[in-house]
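Here the structure comes first, spelled out in C-alpha coordinates, and everything after it is commentary.
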Amino acid sequence: MEKTIITVVGKDKVGIIAKVCTYLASNKINILDISQTIIDGFFNMMMITDTSGSDKTTKDIRHDLDQIGDEIGVKIHVQHEAIFEMMHRI
(Lines give C-alpha, C1' and ligand atoms only; values in the text may rest on other atoms or scores of the structure.)
Protein backbone atom coordinates (compact mmCIF):
# COMPACT_ATOMS: atom_id res chain seq x y z
CA MET A 1 0.00 0.00 0.00
CA GLU A 2 1.28 3.43 -0.90
CA LYS A 3 -0.54 6.13 1.04
CA THR A 4 -0.84 9.69 -0.20
CA ILE A 5 -2.48 12.60 1.63
CA ILE A 6 -4.59 14.92 -0.52
CA THR A 7 -6.07 18.17 0.79
CA VAL A 8 -8.48 20.46 -1.04
CA VAL A 9 -9.21 24.00 0.19
CA GLY A 10 -11.15 26.89 -1.34
CA LYS A 11 -14.48 28.65 -1.74
CA ASP A 12 -17.31 26.14 -1.80
CA LYS A 13 -19.02 25.45 -5.12
CA VAL A 14 -20.87 22.64 -6.83
CA GLY A 15 -18.72 19.81 -8.21
CA ILE A 16 -15.49 19.97 -6.20
CA ILE A 17 -15.80 16.47 -4.75
CA ALA A 18 -17.07 15.05 -8.05
CA LYS A 19 -14.18 16.47 -10.06
CA VAL A 20 -11.47 15.28 -7.64
CA CYS A 21 -12.99 11.85 -7.04
CA THR A 22 -13.59 11.26 -10.77
CA TYR A 23 -9.88 11.88 -11.37
CA LEU A 24 -8.91 9.51 -8.55
CA ALA A 25 -11.23 6.73 -9.74
CA SER A 26 -10.12 7.03 -13.37
CA ASN A 27 -6.50 6.63 -12.23
CA LYS A 28 -7.18 3.65 -9.91
CA ILE A 29 -6.46 5.65 -6.76
CA ASN A 30 -8.48 4.30 -3.83
CA ILE A 31 -9.85 6.61 -1.12
CA LEU A 32 -9.12 4.97 2.25
CA ASP A 33 -10.47 7.77 4.45
CA ILE A 34 -12.07 11.13 3.81
CA SER A 35 -13.11 14.14 5.87
CA GLN A 36 -14.90 17.15 4.42
CA THR A 37 -16.30 20.30 5.98
CA ILE A 38 -17.73 23.59 4.82
CA ILE A 39 -17.31 26.52 7.19
CA ASP A 40 -18.83 29.88 6.31
CA GLY A 41 -18.64 29.10 2.60
CA PHE A 42 -15.10 27.69 2.64
CA PHE A 43 -14.60 24.08 1.56
CA ASN A 44 -11.98 21.86 3.23
CA MET A 45 -11.38 18.19 2.41
CA MET A 46 -8.65 15.79 3.47
CA MET A 47 -8.25 12.33 1.99
CA ILE A 48 -5.94 9.44 2.68
CA THR A 49 -5.55 7.51 -0.55
CA ASP A 50 -3.83 4.35 -1.75
CA THR A 51 -1.98 5.03 -5.00
CA SER A 52 -0.43 1.56 -5.36
CA GLY A 53 -2.96 0.58 -8.06
CA SER A 54 -2.17 3.61 -10.21
CA ASP A 55 0.41 3.88 -12.98
CA LYS A 56 0.95 7.55 -12.03
CA THR A 57 3.75 8.76 -9.78
CA THR A 58 3.08 11.11 -6.87
CA LYS A 59 4.63 13.87 -9.00
CA ASP A 60 2.20 13.12 -11.86
CA ILE A 61 -0.79 13.05 -9.50
CA ARG A 62 0.33 16.36 -7.94
CA HIS A 63 0.65 17.97 -11.40
CA ASP A 64 -2.75 16.69 -12.58
CA LEU A 65 -4.55 17.74 -9.40
CA ASP A 66 -2.86 21.17 -9.50
CA GLN A 67 -4.41 21.65 -12.94
CA ILE A 68 -7.82 20.45 -11.75
CA GLY A 69 -7.58 22.80 -8.75
CA ASP A 70 -6.82 25.73 -11.07
CA GLU A 71 -9.84 24.82 -13.24
CA ILE A 72 -12.28 24.71 -10.32
CA GLY A 73 -10.75 27.47 -8.20
CA VAL A 74 -9.39 25.50 -5.25
CA LYS A 75 -5.92 24.63 -3.96
CA ILE A 76 -5.12 20.91 -4.00
CA HIS A 77 -2.06 19.69 -2.13
CA VAL A 78 -0.64 16.18 -2.58
CA GLN A 79 1.95 14.61 -0.26
CA HIS A 80 3.31 11.11 0.16
CA GLU A 81 2.39 9.81 3.63
CA ALA A 82 6.04 9.68 4.81
CA ILE A 83 6.56 13.38 4.02
CA PHE A 84 3.26 14.31 5.68
CA GLU A 85 4.23 12.33 8.81
CA MET A 86 7.65 14.02 9.03
CA MET A 87 6.16 17.51 8.61
CA HIS A 88 3.65 16.94 11.42
CA ARG A 89 5.88 15.35 14.04
CA ILE A 90 6.08 17.13 17.35
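Chains: A, B, ... in order of the C-alpha coordinates. Residues: from 1 per chain. Ligands: from 1, in order shown.
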### Query
Neighbours of segment 12-14 of chain A within 7 Å (only C-alpha atoms; same-chain residues fewer than 6 positions away dropped), as a ChimeraX atom specification?
/A:41-43
Distance query Met45 of chain A at most 8 Å, only C-alpha atoms, self and fewer than 3 positions along chain excluded, as an mmCIF file with N, CA and C atoms, in the first residue's frame:
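Saved file part.cif follows:
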```
data_model
loop_
_atom_site.group_PDB
_atom_site.id
_atom_site.type_symbol
_atom_site.label_atom_id
_atom_site.label_comp_id
_atom_site.auth_asym_id
_atom_site.auth_seq_id
_atom_site.Cartn_x
_atom_site.Cartn_y
_atom_site.Cartn_z
ATOM 1 N N THR A 7 -5.203 17.170 0.171
ATOM 2 C CA THR A 7 -6.069 18.172 0.788
ATOM 3 C C THR A 7 -6.586 19.113 -0.293
ATOM 4 N N VAL A 8 -7.832 19.544 -0.107
ATOM 5 C CA VAL A 8 -8.481 20.460 -1.044
ATOM 6 C C VAL A 8 -9.091 21.593 -0.224
ATOM 7 N N VAL A 9 -8.735 22.840 -0.557
ATOM 8 C CA VAL A 9 -9.212 24.002 0.193
ATOM 9 C C VAL A 9 -9.617 25.099 -0.783
ATOM 10 N N ILE A 34 -11.766 9.801 4.320
ATOM 11 C CA ILE A 34 -12.071 11.129 3.810
ATOM 12 C C ILE A 34 -12.797 11.936 4.885
ATOM 13 N N SER A 35 -12.441 13.202 4.973
ATOM 14 C CA SER A 35 -13.108 14.141 5.872
ATOM 15 C C SER A 35 -13.348 15.424 5.086
ATOM 16 N N GLN A 36 -14.560 15.945 5.175
ATOM 17 C CA GLN A 36 -14.903 17.145 4.416
ATOM 18 C C GLN A 36 -15.789 18.047 5.266
ATOM 19 N N THR A 37 -15.469 19.329 5.266
ATOM 20 C CA THR A 37 -16.298 20.303 5.980
ATOM 21 C C THR A 37 -16.454 21.555 5.131
#
```
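Near Ser26 of chain A, within 12 Å and counting only C-alpha atoms, sit Ala18, Lys19, Val20, Cys21, Thr22, Tyr23, Ile29, Asn30, Thr51, Gly53, Ser54, Asp55, Lys56 and Ile61 of chain A; same-chain residues fewer than 3 positions away were not included.
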### Task
Enumerate the residues of chain A with a DSSP assignment of strand (DSSP E or B), computed from the backbone, and present them as a ChimeraX atom specification.
/A:3-11,30-39,42-50,74-80
Take the residues from that selection and write them out as an mmCIF file, in the first residue's frame, keeping N, CA and C atoms.
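What ended up in result_23.cif:
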```
data_model
loop_
_atom_site.group_PDB
_atom_site.id
_atom_site.type_symbol
_atom_site.label_atom_id
_atom_site.label_comp_id
_atom_site.auth_asym_id
_atom_site.auth_seq_id
_atom_site.Cartn_x
_atom_site.Cartn_y
_atom_site.Cartn_z
ATOM 1 N N LYS A 3 0.403 5.100 0.617
ATOM 2 C CA LYS A 3 -0.541 6.128 1.043
ATOM 3 C C LYS A 3 -0.085 7.521 0.628
ATOM 4 N N THR A 4 -1.061 8.302 0.178
ATOM 5 C CA THR A 4 -0.842 9.687 -0.198
ATOM 6 C C THR A 4 -1.926 10.524 0.453
ATOM 7 N N ILE A 5 -1.537 11.684 0.991
ATOM 8 C CA ILE A 5 -2.475 12.602 1.629
ATOM 9 C C ILE A 5 -2.828 13.695 0.623
ATOM 10 N N ILE A 6 -4.121 13.895 0.404
ATOM 11 C CA ILE A 6 -4.593 14.917 -0.525
ATOM 12 C C ILE A 6 -5.506 15.869 0.241
ATOM 13 N N THR A 7 -5.203 17.170 0.171
ATOM 14 C CA THR A 7 -6.069 18.172 0.788
ATOM 15 C C THR A 7 -6.586 19.113 -0.293
ATOM 16 N N VAL A 8 -7.832 19.544 -0.107
ATOM 17 C CA VAL A 8 -8.481 20.460 -1.044
ATOM 18 C C VAL A 8 -9.091 21.593 -0.224
ATOM 19 N N VAL A 9 -8.735 22.840 -0.557
ATOM 20 C CA VAL A 9 -9.212 24.002 0.193
ATOM 21 C C VAL A 9 -9.617 25.099 -0.783
ATOM 22 N N GLY A 10 -10.734 25.762 -0.517
ATOM 23 C CA GLY A 10 -11.150 26.891 -1.342
ATOM 24 C C GLY A 10 -12.591 27.278 -1.073
ATOM 25 N N LYS A 11 -13.076 28.241 -1.842
ATOM 26 C CA LYS A 11 -14.475 28.654 -1.740
ATOM 27 C C LYS A 11 -15.351 27.497 -2.215
ATOM 28 N N ASN A 30 -7.420 4.634 -4.774
ATOM 29 C CA ASN A 30 -8.479 4.298 -3.830
ATOM 30 C C ASN A 30 -8.502 5.280 -2.656
ATOM 31 N N ILE A 31 -9.681 5.743 -2.296
ATOM 32 C CA ILE A 31 -9.847 6.608 -1.125
ATOM 33 C C ILE A 31 -10.023 5.707 0.093
ATOM 34 N N LEU A 32 -9.080 5.783 1.035
ATOM 35 C CA LEU A 32 -9.120 4.975 2.247
ATOM 36 C C LEU A 32 -9.904 5.664 3.354
ATOM 37 N N ASP A 33 -9.775 6.987 3.424
ATOM 38 C CA ASP A 33 -10.467 7.766 4.448
ATOM 39 C C ASP A 33 -10.672 9.167 3.902
ATOM 40 N N ILE A 34 -11.766 9.801 4.320
ATOM 41 C CA ILE A 34 -12.071 11.129 3.810
ATOM 42 C C ILE A 34 -12.797 11.936 4.885
ATOM 43 N N SER A 35 -12.441 13.202 4.973
ATOM 44 C CA SER A 35 -13.108 14.141 5.872
ATOM 45 C C SER A 35 -13.348 15.424 5.086
ATOM 46 N N GLN A 36 -14.560 15.945 5.175
ATOM 47 C CA GLN A 36 -14.903 17.145 4.416
ATOM 48 C C GLN A 36 -15.789 18.047 5.266
ATOM 49 N N THR A 37 -15.469 19.329 5.266
ATOM 50 C CA THR A 37 -16.298 20.303 5.980
ATOM 51 C C THR A 37 -16.454 21.555 5.131
ATOM 52 N N ILE A 38 -17.526 22.274 5.411
ATOM 53 C CA ILE A 38 -17.735 23.590 4.819
ATOM 54 C C ILE A 38 -18.012 24.537 5.984
ATOM 55 N N ILE A 39 -17.164 25.554 6.105
ATOM 56 C CA ILE A 39 -17.308 26.522 7.186
ATOM 57 C C ILE A 39 -17.428 27.906 6.575
ATOM 58 N N PHE A 42 -16.420 28.190 3.027
ATOM 59 C CA PHE A 42 -15.103 27.687 2.640
ATOM 60 C C PHE A 42 -15.074 26.165 2.755
ATOM 61 N N PHE A 43 -14.639 25.531 1.680
ATOM 62 C CA PHE A 43 -14.599 24.081 1.557
ATOM 63 C C PHE A 43 -13.233 23.564 1.998
ATOM 64 N N ASN A 44 -13.227 22.482 2.783
ATOM 65 C CA ASN A 44 -11.982 21.860 3.226
ATOM 66 C C ASN A 44 -12.168 20.342 3.195
ATOM 67 N N MET A 45 -11.295 19.646 2.490
ATOM 68 C CA MET A 45 -11.380 18.191 2.412
ATOM 69 C C MET A 45 -9.982 17.605 2.562
ATOM 70 N N MET A 46 -9.902 16.524 3.315
ATOM 71 C CA MET A 46 -8.650 15.791 3.466
ATOM 72 C C MET A 46 -8.938 14.329 3.172
ATOM 73 N N MET A 47 -8.085 13.737 2.340
ATOM 74 C CA MET A 47 -8.252 12.327 1.986
ATOM 75 C C MET A 47 -6.943 11.582 2.204
ATOM 76 N N ILE A 48 -7.064 10.361 2.662
ATOM 77 C CA ILE A 48 -5.937 9.443 2.677
ATOM 78 C C ILE A 48 -6.235 8.457 1.557
ATOM 79 N N THR A 49 -5.315 8.351 0.612
ATOM 80 C CA THR A 49 -5.547 7.507 -0.547
ATOM 81 C C THR A 49 -4.464 6.443 -0.674
ATOM 82 N N ASP A 50 -4.795 5.394 -1.411
ATOM 83 C CA ASP A 50 -3.827 4.347 -1.751
ATOM 84 C C ASP A 50 -3.564 4.463 -3.246
ATOM 85 N N VAL A 74 -9.795 25.935 -6.587
ATOM 86 C CA VAL A 74 -9.390 25.503 -5.246
ATOM 87 C C VAL A 74 -7.901 25.164 -5.268
ATOM 88 N N LYS A 75 -7.318 25.037 -4.088
ATOM 89 C CA LYS A 75 -5.920 24.630 -3.957
ATOM 90 C C LYS A 75 -5.907 23.169 -3.528
ATOM 91 N N ILE A 76 -5.229 22.335 -4.316
ATOM 92 C CA ILE A 76 -5.117 20.910 -4.003
ATOM 93 C C ILE A 76 -3.653 20.604 -3.723
ATOM 94 N N HIS A 77 -3.423 20.009 -2.554
ATOM 95 C CA HIS A 77 -2.065 19.695 -2.130
ATOM 96 C C HIS A 77 -1.930 18.179 -2.007
ATOM 97 N N VAL A 78 -0.869 17.619 -2.574
ATOM 98 C CA VAL A 78 -0.638 16.177 -2.577
ATOM 99 C C VAL A 78 0.714 15.888 -1.932
ATOM 100 N N GLN A 79 0.710 14.993 -0.933
ATOM 101 C CA GLN A 79 1.954 14.608 -0.264
ATOM 102 C C GLN A 79 1.973 13.111 -0.021
ATOM 103 N N HIS A 80 3.124 12.510 -0.218
ATOM 104 C CA HIS A 80 3.305 11.113 0.162
ATOM 105 C C HIS A 80 3.177 11.040 1.686
#
```
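Note that atom CA of Ile72 of chain A and atom CA of Gly15 of chain A are 8.4 Å apart.
When DSSP is run on the backbone, the residues of segment 2-81 of chain A that fall into alpha helix (DSSP H) are A:Ile16, A:Ile17, A:Ala18, A:Lys19, A:Val20, A:Cys21, A:Thr22, A:Tyr23, A:Leu24, A:Ala25, A:Ser26, A:Thr58, A:Lys59, A:Asp60, A:Ile61, A:Arg62, A:His63, A:Asp64, A:Leu65, A:Asp66, A:Gln67, A:Ile68, A:Gly69, A:Asp70, A:Glu71, A:Ile72, A:Glu81.
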### Task
Provide the atom CA of Arg62 of chain A to atom CA of Asn27 of chain A distance in Å, to one decimal place.
12.6 Å
